[in-house]
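Q: Structure file input_24.tsv (TSV, C-alpha atoms) right here:
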chain	number	residue	atom	x	y	z
S	6	MET	CA	15.93	37.23	-6.34
S	7	LYS	CA	19.50	37.60	-5.10
S	8	SER	CA	18.39	38.07	-1.49
S	9	LEU	CA	16.18	34.97	-1.74
S	10	LYS	CA	19.28	32.89	-2.45
S	11	TYR	CA	20.68	33.80	0.95
S	12	LEU	CA	17.36	33.85	2.76
S	13	LEU	CA	16.22	30.36	1.77
S	14	PRO	CA	19.01	28.36	3.48
S	15	ALA	CA	18.63	30.52	6.58
S	16	LEU	CA	14.88	29.85	6.54
S	17	ALA	CA	15.44	26.11	6.03
S	18	PHE	CA	17.85	26.15	8.95
S	19	LEU	CA	15.34	27.91	11.19
S	20	VAL	CA	12.59	25.41	10.36
S	21	LEU	CA	14.92	22.51	11.08
S	22	ALA	CA	16.16	24.14	14.29
S	23	GLY	CA	12.52	24.64	15.32
S	24	PHE	CA	11.82	20.92	14.96
S	25	PHE	CA	14.94	19.98	16.89
S	26	TYR	CA	14.14	22.47	19.64
S	27	ARG	CA	10.67	20.96	20.02
S	28	GLY	CA	12.25	17.51	20.06
S	29	LEU	CA	14.37	18.43	23.06
S	30	PHE	CA	11.24	18.55	25.20
S	31	LEU	CA	9.54	15.41	23.92
S	32	ASN	CA	9.95	12.14	25.74
S	33	PRO	CA	10.69	9.41	23.20
S	34	ARG	CA	9.62	6.75	25.70
S	35	THR	CA	6.07	8.07	25.69
S	36	VAL	CA	4.10	5.98	23.24
S	37	PRO	CA	0.68	7.48	22.57
S	38	SER	CA	-1.92	4.92	23.63
S	39	PRO	CA	-4.53	4.01	21.03
S	40	LEU	CA	-6.86	3.07	23.91
S	41	ILE	CA	-7.60	6.63	25.01
S	42	GLY	CA	-11.28	7.32	24.38
S	43	LYS	CA	-12.03	3.61	23.93
S	44	PRO	CA	-13.79	1.15	26.24
S	45	ALA	CA	-11.45	-0.40	28.79
S	46	PRO	CA	-10.29	-3.85	27.59
S	47	VAL	CA	-11.97	-6.71	29.37
S	48	PHE	CA	-10.01	-8.79	31.84
S	49	GLU	CA	-11.11	-11.42	34.30
S	50	LEU	CA	-8.30	-12.18	36.69
S	51	GLU	CA	-7.86	-13.63	40.15
S	52	GLU	CA	-7.90	-11.15	42.96
S	53	LEU	CA	-4.44	-10.91	44.50
S	54	SER	CA	-5.33	-11.56	48.15
S	55	ASN	CA	-8.27	-13.82	47.42
S	56	PRO	CA	-7.60	-16.25	44.54
S	57	THR	CA	-11.14	-17.58	44.54
S	58	GLU	CA	-12.54	-14.14	43.73
S	59	ILE	CA	-12.57	-12.96	40.13
S	60	PHE	CA	-11.86	-9.28	39.55
S	61	ALA	CA	-13.17	-8.13	36.17
S	62	THR	CA	-13.07	-4.85	34.26
S	63	SER	CA	-16.81	-4.44	34.83
S	64	ASP	CA	-16.21	-4.22	38.61
S	65	MET	CA	-14.63	-0.81	38.08
S	66	LEU	CA	-17.62	0.81	36.37
S	67	GLY	CA	-20.08	3.28	37.89
S	68	LYS	CA	-17.57	5.69	39.37
S	69	PRO	CA	-14.42	7.35	38.09
S	70	ALA	CA	-11.64	4.87	38.77
S	71	LEU	CA	-7.89	4.46	38.55
S	72	LEU	CA	-6.20	1.28	37.43
S	73	ASN	CA	-2.56	1.28	38.53
S	74	VAL	CA	-0.28	-1.34	36.99
S	75	TRP	CA	2.50	-2.29	39.38
S	76	ALA	CA	4.96	-4.98	40.41
S	77	THR	CA	7.36	-5.58	43.26
S	78	TRP	CA	10.32	-5.64	40.82
S	79	CYS	CA	9.41	-2.19	39.53
S	80	VAL	CA	11.46	0.64	41.00
S	81	GLY	CA	9.10	3.37	39.83
S	82	CYS	CA	6.23	1.59	41.61
S	83	ARG	CA	8.08	1.77	44.92
S	84	GLN	CA	8.69	5.43	44.23
S	85	GLU	CA	5.02	6.29	43.63
S	86	HIS	CA	3.63	4.07	46.36
S	87	SER	CA	3.55	6.67	49.13
S	88	PHE	CA	1.71	9.05	46.84
S	89	LEU	CA	-0.82	6.32	45.99
S	90	MET	CA	-1.34	5.77	49.73
S	91	GLN	CA	-1.91	9.47	50.22
S	92	LEU	CA	-4.38	9.49	47.33
S	93	ALA	CA	-6.22	6.47	48.70
S	94	ARG	CA	-6.52	8.08	52.15
S	95	SER	CA	-7.93	11.26	50.60
S	96	GLY	CA	-10.77	9.18	49.14
S	97	GLU	CA	-10.67	11.34	46.03
S	98	ILE	CA	-11.02	8.39	43.71
S	99	GLN	CA	-11.54	4.63	43.76
S	100	MET	CA	-8.21	2.96	43.05
S	101	TYR	CA	-7.65	-0.51	41.62
S	102	GLY	CA	-4.41	-2.29	40.96
S	103	MET	CA	-3.06	-4.74	38.45
S	104	ASN	CA	-0.09	-6.74	39.68
S	105	LEU	CA	2.11	-7.49	36.69
S	106	ARG	CA	4.44	-10.48	36.12
S	107	ASP	CA	4.91	-10.99	39.81
S	108	GLU	CA	4.67	-13.65	42.48
S	109	ARG	CA	1.69	-13.65	44.79
S	110	PRO	CA	3.60	-13.92	48.13
S	111	LYS	CA	5.97	-11.12	47.14
S	112	ALA	CA	3.12	-8.87	46.05
S	113	LEU	CA	1.12	-9.54	49.24
S	114	ASP	CA	4.19	-8.88	51.34
S	115	TRP	CA	4.68	-5.56	49.57
S	116	LEU	CA	1.11	-4.50	50.37
S	117	ASN	CA	1.46	-5.64	53.99
S	118	ARG	CA	4.64	-3.70	54.51
S	119	LEU	CA	3.90	-0.52	52.53
S	120	GLY	CA	0.13	-0.35	52.77
S	121	ASN	CA	-2.61	-1.24	50.33
S	122	PRO	CA	-4.11	1.68	48.41
S	123	TYR	CA	-6.22	-0.56	46.16
S	124	ALA	CA	-9.85	-1.57	46.51
S	125	LYS	CA	-9.01	-4.69	44.47
S	126	VAL	CA	-5.90	-5.97	42.74
S	127	ALA	CA	-5.94	-8.12	39.61
S	128	PHE	CA	-3.20	-10.76	39.70
S	129	ASP	CA	-1.62	-10.99	36.24
S	130	PRO	CA	1.45	-13.24	36.55
S	131	ASP	CA	1.85	-13.97	32.83
S	132	GLY	CA	1.16	-10.39	31.72
S	133	MET	CA	-1.68	-11.38	29.39
S	134	GLY	CA	-4.23	-9.08	31.05
S	135	SER	CA	-1.94	-6.06	30.89
S	136	LEU	CA	-1.04	-6.87	27.30
S	137	ASP	CA	-4.61	-6.11	26.24
S	138	TRP	CA	-4.26	-2.75	27.98
S	139	GLY	CA	-1.15	-1.95	25.95
S	140	VAL	CA	1.01	-1.79	29.06
S	141	TYR	CA	4.68	-1.70	28.13
S	142	GLY	CA	6.37	-0.25	31.19
S	143	SER	CA	5.25	-0.15	34.76
S	144	PRO	CA	4.09	1.80	36.57
S	145	GLU	CA	1.25	2.90	34.35
S	146	THR	CA	-1.94	4.48	35.62
S	147	PHE	CA	-5.20	4.54	33.69
S	148	LEU	CA	-8.08	6.89	34.42
S	149	ILE	CA	-11.43	5.28	33.59
S	150	ASP	CA	-14.74	7.10	33.51
S	151	PRO	CA	-17.96	5.70	35.07
S	152	GLN	CA	-19.01	4.23	31.70
S	153	GLY	CA	-15.72	2.35	31.43
S	154	ILE	CA	-14.03	4.56	28.83
S	155	ILE	CA	-10.28	5.08	29.25
S	156	VAL	CA	-9.84	8.82	29.56
S	157	TYR	CA	-6.16	9.17	30.28
S	158	LYS	CA	-3.02	7.13	30.79
S	159	HIS	CA	-0.08	8.22	32.88
S	160	LEU	CA	3.33	6.66	32.32
S	161	GLY	CA	5.86	6.31	35.07
S	162	PRO	CA	5.54	7.13	38.76
S	163	LEU	CA	2.45	9.13	39.65
S	164	GLY	CA	3.06	12.26	41.69
S	165	PRO	CA	1.23	15.35	42.95
S	166	GLN	CA	2.02	17.43	39.89
S	167	ALA	CA	0.66	14.96	37.33
S	168	TRP	CA	-2.32	14.34	39.59
S	169	MET	CA	-3.27	18.00	39.83
S	170	GLU	CA	-2.54	18.91	36.23
S	171	GLU	CA	-3.71	15.84	34.32
S	172	PHE	CA	-6.09	13.84	36.47
S	173	ARG	CA	-8.10	16.32	38.54
S	174	PRO	CA	-9.39	18.41	35.59
S	175	ARG	CA	-10.48	15.23	33.79
S	176	ILE	CA	-12.22	13.82	36.85
S	177	ALA	CA	-13.95	17.16	37.38
S	178	ALA	CA	-15.10	17.08	33.74
S	179	MET	CA	-16.57	13.58	34.26
S	180	GLN	CA	-18.47	14.65	37.33
S	181	GLY	CA	-19.68	17.77	35.54
S	182	GLY	CA	-20.90	15.59	32.69
S	183	MET	CA	-22.80	13.32	35.05
S	184	GLN	CA	-24.99	16.02	36.52
P	30	MET	CA	35.28	-30.92	-3.98
P	31	LYS	CA	32.53	-28.45	-3.26
P	32	TYR	CA	29.91	-31.17	-3.59
P	33	VAL	CA	31.78	-33.46	-1.25
P	34	VAL	CA	31.89	-30.73	1.43
P	35	THR	CA	28.22	-30.00	0.93
P	36	ALA	CA	27.36	-33.66	1.18
P	37	VAL	CA	29.38	-34.06	4.38
P	38	LEU	CA	27.80	-30.97	5.90
P	39	ALA	CA	24.35	-32.16	4.90
P	40	GLY	CA	25.15	-35.47	6.56
P	41	PHE	CA	26.13	-33.71	9.77
P	42	LEU	CA	22.96	-31.65	9.66
P	43	ALA	CA	20.84	-34.73	9.19
P	44	PHE	CA	22.41	-36.27	12.28
P	45	ALA	CA	22.29	-33.06	14.30
P	46	GLY	CA	18.64	-32.53	13.37
P	47	GLY	CA	17.58	-35.96	14.50
P	48	PRO	CA	14.23	-37.49	13.78
P	49	SER	CA	12.36	-35.69	16.58
P	50	GLN	CA	12.91	-32.23	15.10
P	51	ALA	CA	12.40	-33.21	11.51
P	52	ASP	CA	8.67	-32.58	11.63
P	53	SER	CA	8.76	-29.08	13.14
P	54	ILE	CA	10.40	-25.96	11.78
P	55	LEU	CA	12.58	-24.18	14.31
P	56	SER	CA	12.97	-20.43	14.53
P	57	MET	CA	15.68	-18.25	16.08
P	58	ASN	CA	13.62	-18.29	19.24
P	59	PRO	CA	13.83	-21.87	20.46
P	60	GLN	CA	10.40	-21.90	22.03
P	61	ASP	CA	8.72	-20.94	18.76
P	62	THR	CA	8.29	-23.84	16.38
P	63	PHE	CA	6.26	-24.04	13.19
P	64	GLU	CA	4.64	-26.57	10.92
P	65	THR	CA	5.80	-25.13	7.59
P	66	GLU	CA	8.65	-23.00	6.17
P	67	GLU	CA	6.05	-20.50	5.02
P	68	GLN	CA	4.83	-19.95	8.58
P	69	LEU	CA	8.39	-19.44	9.80
P	70	ARG	CA	9.10	-16.88	7.08
P	71	ARG	CA	5.93	-14.95	7.96
P	72	TYR	CA	6.90	-15.08	11.64
P	73	GLU	CA	10.41	-13.79	10.99
P	74	ARG	CA	9.15	-11.02	8.72
P	75	LEU	CA	6.36	-9.87	11.08
P	76	THR	CA	8.45	-9.88	14.25
P	77	HIS	CA	11.07	-7.79	12.45
P	78	GLU	CA	8.36	-5.33	11.40
P	79	PHE	CA	7.15	-4.80	14.99
P	80	ARG	CA	8.99	-2.34	17.15
P	81	CYS	CA	9.59	-3.39	20.72
P	82	VAL	CA	7.86	-0.57	22.61
P	83	VAL	CA	10.03	-1.13	25.68
P	84	CYS	CA	13.43	-0.97	24.00
P	85	GLN	CA	12.53	1.14	21.05
P	86	ASN	CA	15.57	0.62	18.89
P	87	GLN	CA	15.04	-3.10	18.70
P	88	SER	CA	12.41	-5.06	16.89
P	89	VAL	CA	10.21	-7.59	18.65
P	90	ALA	CA	12.34	-10.27	16.98
P	91	GLU	CA	15.56	-8.99	18.54
P	92	SER	CA	14.51	-7.95	22.02
P	93	ASN	CA	14.83	-10.08	25.13
P	94	VAL	CA	12.29	-8.13	27.17
P	95	ASP	CA	9.38	-10.16	28.59
P	96	LEU	CA	6.89	-8.16	26.56
P	97	ALA	CA	8.75	-8.90	23.31
P	98	LYS	CA	8.81	-12.60	24.20
P	99	ASP	CA	5.06	-12.52	24.73
P	100	LEU	CA	4.50	-10.66	21.47
P	101	ARG	CA	6.62	-13.22	19.63
P	102	ARG	CA	4.59	-16.03	21.14
P	103	ILE	CA	1.34	-14.30	20.24
P	104	THR	CA	2.57	-13.73	16.67
P	105	ARG	CA	3.42	-17.43	16.44
P	106	ASP	CA	0.13	-18.55	17.95
P	107	MET	CA	-1.84	-16.29	15.62
P	108	ILE	CA	0.06	-17.61	12.59
P	109	LEU	CA	-0.59	-21.20	13.64
P	110	ALA	CA	-4.25	-20.36	14.29
P	111	GLY	CA	-4.53	-19.21	10.68
P	112	ASN	CA	-4.73	-15.45	11.21
P	113	THR	CA	-3.68	-13.21	8.31
P	114	ASP	CA	-0.77	-10.75	8.53
P	115	ALA	CA	-3.29	-7.90	8.56
P	116	GLU	CA	-5.08	-9.42	11.56
P	117	ILE	CA	-1.83	-9.82	13.48
P	118	LYS	CA	-0.82	-6.23	12.73
P	119	GLN	CA	-4.28	-5.09	13.82
P	120	PHE	CA	-3.84	-6.94	17.12
P	121	MET	CA	-0.59	-5.06	17.75
P	122	THR	CA	-1.81	-1.60	16.71
P	123	ASP	CA	-5.02	-2.02	18.76
P	124	ARG	CA	-2.79	-2.17	21.82
P	125	TYR	CA	0.27	-0.07	21.06
P	126	GLY	CA	-0.82	2.16	18.18
P	127	ASP	CA	0.97	2.72	14.88
P	128	PHE	CA	4.11	3.24	16.93
P	129	VAL	CA	4.56	-0.53	17.08
P	130	LEU	CA	4.96	-0.69	13.29
P	131	TYR	CA	8.32	0.27	11.84
P	132	GLU	CA	6.41	1.17	8.69
P	133	PRO	CA	3.45	3.32	9.73
P	134	PRO	CA	0.39	3.13	7.43
P	135	LEU	CA	-0.46	5.89	4.99
P	136	LYS	CA	-3.16	8.14	6.49
P	137	PRO	CA	-3.78	11.87	6.97
P	138	GLU	CA	-1.45	12.14	10.01
P	139	THR	CA	1.38	10.43	8.14
P	140	PHE	CA	1.02	12.17	4.73
P	141	LEU	CA	3.87	14.53	5.60
P	142	LEU	CA	6.04	11.66	6.77
P	143	TRP	CA	5.56	9.64	3.61
P	144	GLY	CA	5.47	12.73	1.37
P	145	ALA	CA	8.63	14.34	2.76
P	146	PRO	CA	11.06	12.50	0.42
P	147	VAL	CA	9.01	13.51	-2.63
P	148	ILE	CA	8.71	17.11	-1.41
P	149	LEU	CA	12.45	17.32	-0.70
P	150	LEU	CA	13.21	15.78	-4.09
P	151	LEU	CA	10.99	18.36	-5.80
P	152	ILE	CA	12.66	21.22	-3.91
P	153	GLY	CA	16.07	19.84	-4.85
P	154	ALA	CA	15.02	19.45	-8.47
P	155	GLY	CA	13.66	23.01	-8.48
P	156	VAL	CA	16.91	24.40	-7.10
P	157	MET	CA	18.93	22.37	-9.59
P	158	VAL	CA	16.83	23.44	-12.56
P	159	SER	CA	17.09	27.12	-11.61
P	160	VAL	CA	20.85	26.94	-11.01
P	161	VAL	CA	21.59	24.97	-14.16
P	162	GLY	CA	19.22	27.17	-16.14
P	163	ARG	CA	20.99	30.31	-14.99
P	164	ARG	CA	24.46	28.90	-15.64
P	165	SER	CA	23.64	27.69	-19.13
P	166	GLY	CA	22.04	31.08	-19.77
P	167	GLU	CA	25.26	32.81	-18.69
P	168	SER	CA	27.57	30.54	-20.66
P	169	GLY	CA	25.22	30.81	-23.61
P	170	ASP	CA	25.76	34.58	-23.55
P	171	GLU	CA	29.50	34.16	-23.39
P	172	ALA	CA	29.66	31.47	-26.03
P	173	GLY	CA	27.68	33.60	-28.42
P	174	GLY	CA	26.79	31.54	-31.43
P	175	MET	CA	27.61	28.02	-30.17
P	176	GLY	CA	24.34	26.18	-30.65
P	177	GLU	CA	25.03	22.99	-28.72
P	178	ASN	CA	25.24	24.86	-25.42
P	179	THR	CA	21.55	25.72	-25.31
Could you express the structure from this file as structure tokens?

A:
Amino acid sequence: MKSLKYLLPALAFLVLAGFFYRGLFLNPRTVPSPLIGKPAPVFELEELSNPTEIFATSDMLGKPALLNVWATWCVGCRQEHSFLMQLARSGEIQMYGMNLRDERPKALDWLNRLGNPYAKVAFDPDGMGSLDWGVYGSPETFLIDPQGIIVYKHLGPLGPQAWMEEFRPRIAAMQGGMQ
Amino acid sequence: MKYVVTAVLAGFLAFAGGPSQADSILSMNPQDTFETEEQLRRYERLTHEFRCVVCQNQSVAESNVDLAKDLRRITRDMILAGNTDAEIKQFMTDRYGDFVLYEPPLKPETFLLWGAPVILLLIGAGVMVSVVGRRSGESGDEAGGMGENT
């Protein structure tokens, strides 16, 4: 009984310290998306380079696809762009873009200068399309399966490490499931 | 004196308000106007209950981020369209999860969160009872026959 008196505070301290230690490695900016495992929200937006064409969520179905939310004012987007170009050249996956709260000439200029990794880009100047996708910070990259279910969402600039660790296994699982 | 000041101030307000604004209720956010006081109160309460997911230590009501502005406008539009508070909250959590609510709902994942105060209180009460019990036991021994100590 006497030893318990000294042991309990020490134990309480250890539990608390354990929580804090775990907290050191969590990113508070990461908000878990409620959309994972759910059908991709429907949008019907003008295509960036061709305003008369409508790009809709349904256009992305049939194959595993990426939807990358970007803008010319977004520093992280500039940072990930060369990796997106590399990914597009590899042909590993079909990549679509959503241009967020931007101006069409600026966005087109960006793609002309830096290269266009996207099969299609949805132009979302007022942010209402991305709002349905729960986008709160660009860049964000969604992985969508052939049936249109959101499988994964990556926050911040996409790079080789996240691609190999988070995306590839999930894409492989989709393709395994299709056979 | 007090009434005179109030009357003067009211007079100023009446002039400042002008006839054009008399029929709409203004909120802190100039672009968001309402038809009734009740709608404004709901708007103020709801936007303070939503966390701005971009700048997490501010509510949607306080933040100046584009997303917060849009969420304020949507909250207003939904109120004016006759949606209930529950429907508006559902709209937010469908997109941003429970994280967007400063008060997360009670469900299995949040039992510990909501239960923690009760659990801590019980632990504290347990410790207190055992300590006080032991002390009164000790003093009871020392005091011998003094009945009121027990």

Q: For chain P against chain S, with a cut-off of 8 Å and counting all atoms listed in the file, what is the closest atom pair and its distance in Å to one decimal for every residue that makes the cut, ordered by chain and number, as JSON lines?

A:
{"residue": "P:Val82", "atom": "CA", "partner": "S:Tyr141", "partner_atom": "CA", "distance": 6.5}
{"residue": "P:Val83", "atom": "CA", "partner": "S:Tyr141", "partner_atom": "CA", "distance": 5.9}
{"residue": "P:Gln85", "atom": "CA", "partner": "S:Arg34", "partner_atom": "CA", "distance": 7.8}
{"residue": "P:Leu96", "atom": "CA", "partner": "S:Tyr141", "partner_atom": "CA", "distance": 7.0}
{"residue": "P:Thr122", "atom": "CA", "partner": "S:Pro39", "partner_atom": "CA", "distance": 7.6}
{"residue": "P:Asp123", "atom": "CA", "partner": "S:Pro39", "partner_atom": "CA", "distance": 6.5}
{"residue": "P:Arg124", "atom": "CA", "partner": "S:Gly139", "partner_atom": "CA", "distance": 4.4}
{"residue": "P:Tyr125", "atom": "CA", "partner": "S:Gly139", "partner_atom": "CA", "distance": 5.4}
{"residue": "P:Gly126", "atom": "CA", "partner": "S:Pro39", "partner_atom": "CA", "distance": 5.0}
{"residue": "P:Phe128", "atom": "CA", "partner": "S:Val36", "partner_atom": "CA", "distance": 6.9}

Q: What does the structure give for the distance between CA of Asp114 in chain S and CA of Gly164 in chain S, in Å to one decimal?

A: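 Answer for the CA of Asp114 in chain S to CA of Gly164 in chain S separation: 23.3 Å.
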
Q: If you count only C-alpha atoms, which residues fall within 9 Å of Leu109 in chain P, apart from same-chain ones fewer than 5 positions away, as a list in words?

A: Phe63, Glu64, Gln68 and Thr104 of chain P

Q: Grab the CA of Glu97 in chain S to CA of Leu119 in chain S distance for me, in Å with one decimal place.

A: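 Spanning CA of Glu97 in chain S to CA of Leu119 in chain S is a straight-line distance of 19.9 Å.
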
Q: Take CA of Phe48 in chain S and CA of Phe120 in chain P and report the distance between them in Å, one decimal.

A: 16.1 Å

Q: Give me, as a PyMOL selection string, all polymer residues having an atom no more than 7 Å from range 130-146 of chain P, counting all atoms listed in the file and skipping those fewer than 2 positions away in the same chain.

A: chain P and resi 78-80+127-128+148-150

Q: Name the residues in contact with range 57-67 of chain S at a cut-off of 10 Å, using only C-alpha atoms, excluding same-chain residues fewer than 2 positions from it; report them as a CSV table (one decimal) with C-alpha atoms, in the coordinates of the input.

A:
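Written output follows (selection-v6.csv):
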chain,number,residue,atom,x,y,z
S,45,ALA,CA,-11.4,-0.4,28.8
S,46,PRO,CA,-10.3,-3.8,27.6
S,47,VAL,CA,-12.0,-6.7,29.4
S,48,PHE,CA,-10.0,-8.8,31.8
S,49,GLU,CA,-11.1,-11.4,34.3
S,50,LEU,CA,-8.3,-12.2,36.7
S,51,GLU,CA,-7.9,-13.6,40.2
S,52,GLU,CA,-7.9,-11.2,43.0
S,53,LEU,CA,-4.4,-10.9,44.5
S,54,SER,CA,-5.3,-11.6,48.2
S,55,ASN,CA,-8.3,-13.8,47.4
S,69,PRO,CA,-14.4,7.4,38.1
S,70,ALA,CA,-11.6,4.9,38.8
S,71,LEU,CA,-7.9,4.5,38.6
S,72,LEU,CA,-6.2,1.3,37.4
S,99,GLN,CA,-11.5,4.6,43.8
S,100,MET,CA,-8.2,3.0,43.0
S,101,TYR,CA,-7.6,-0.5,41.6
S,103,MET,CA,-3.1,-4.7,38.4
S,124,ALA,CA,-9.8,-1.6,46.5
S,125,LYS,CA,-9.0,-4.7,44.5
S,126,VAL,CA,-5.9,-6.0,42.7
S,127,ALA,CA,-5.9,-8.1,39.6
S,128,PHE,CA,-3.2,-10.8,39.7
S,149,ILE,CA,-11.4,5.3,33.6
S,150,ASP,CA,-14.7,7.1,33.5
S,151,PRO,CA,-18.0,5.7,35.1
S,152,GLN,CA,-19.0,4.2,31.7
S,153,GLY,CA,-15.7,2.4,31.4
S,154,ILE,CA,-14.0,4.6,28.8
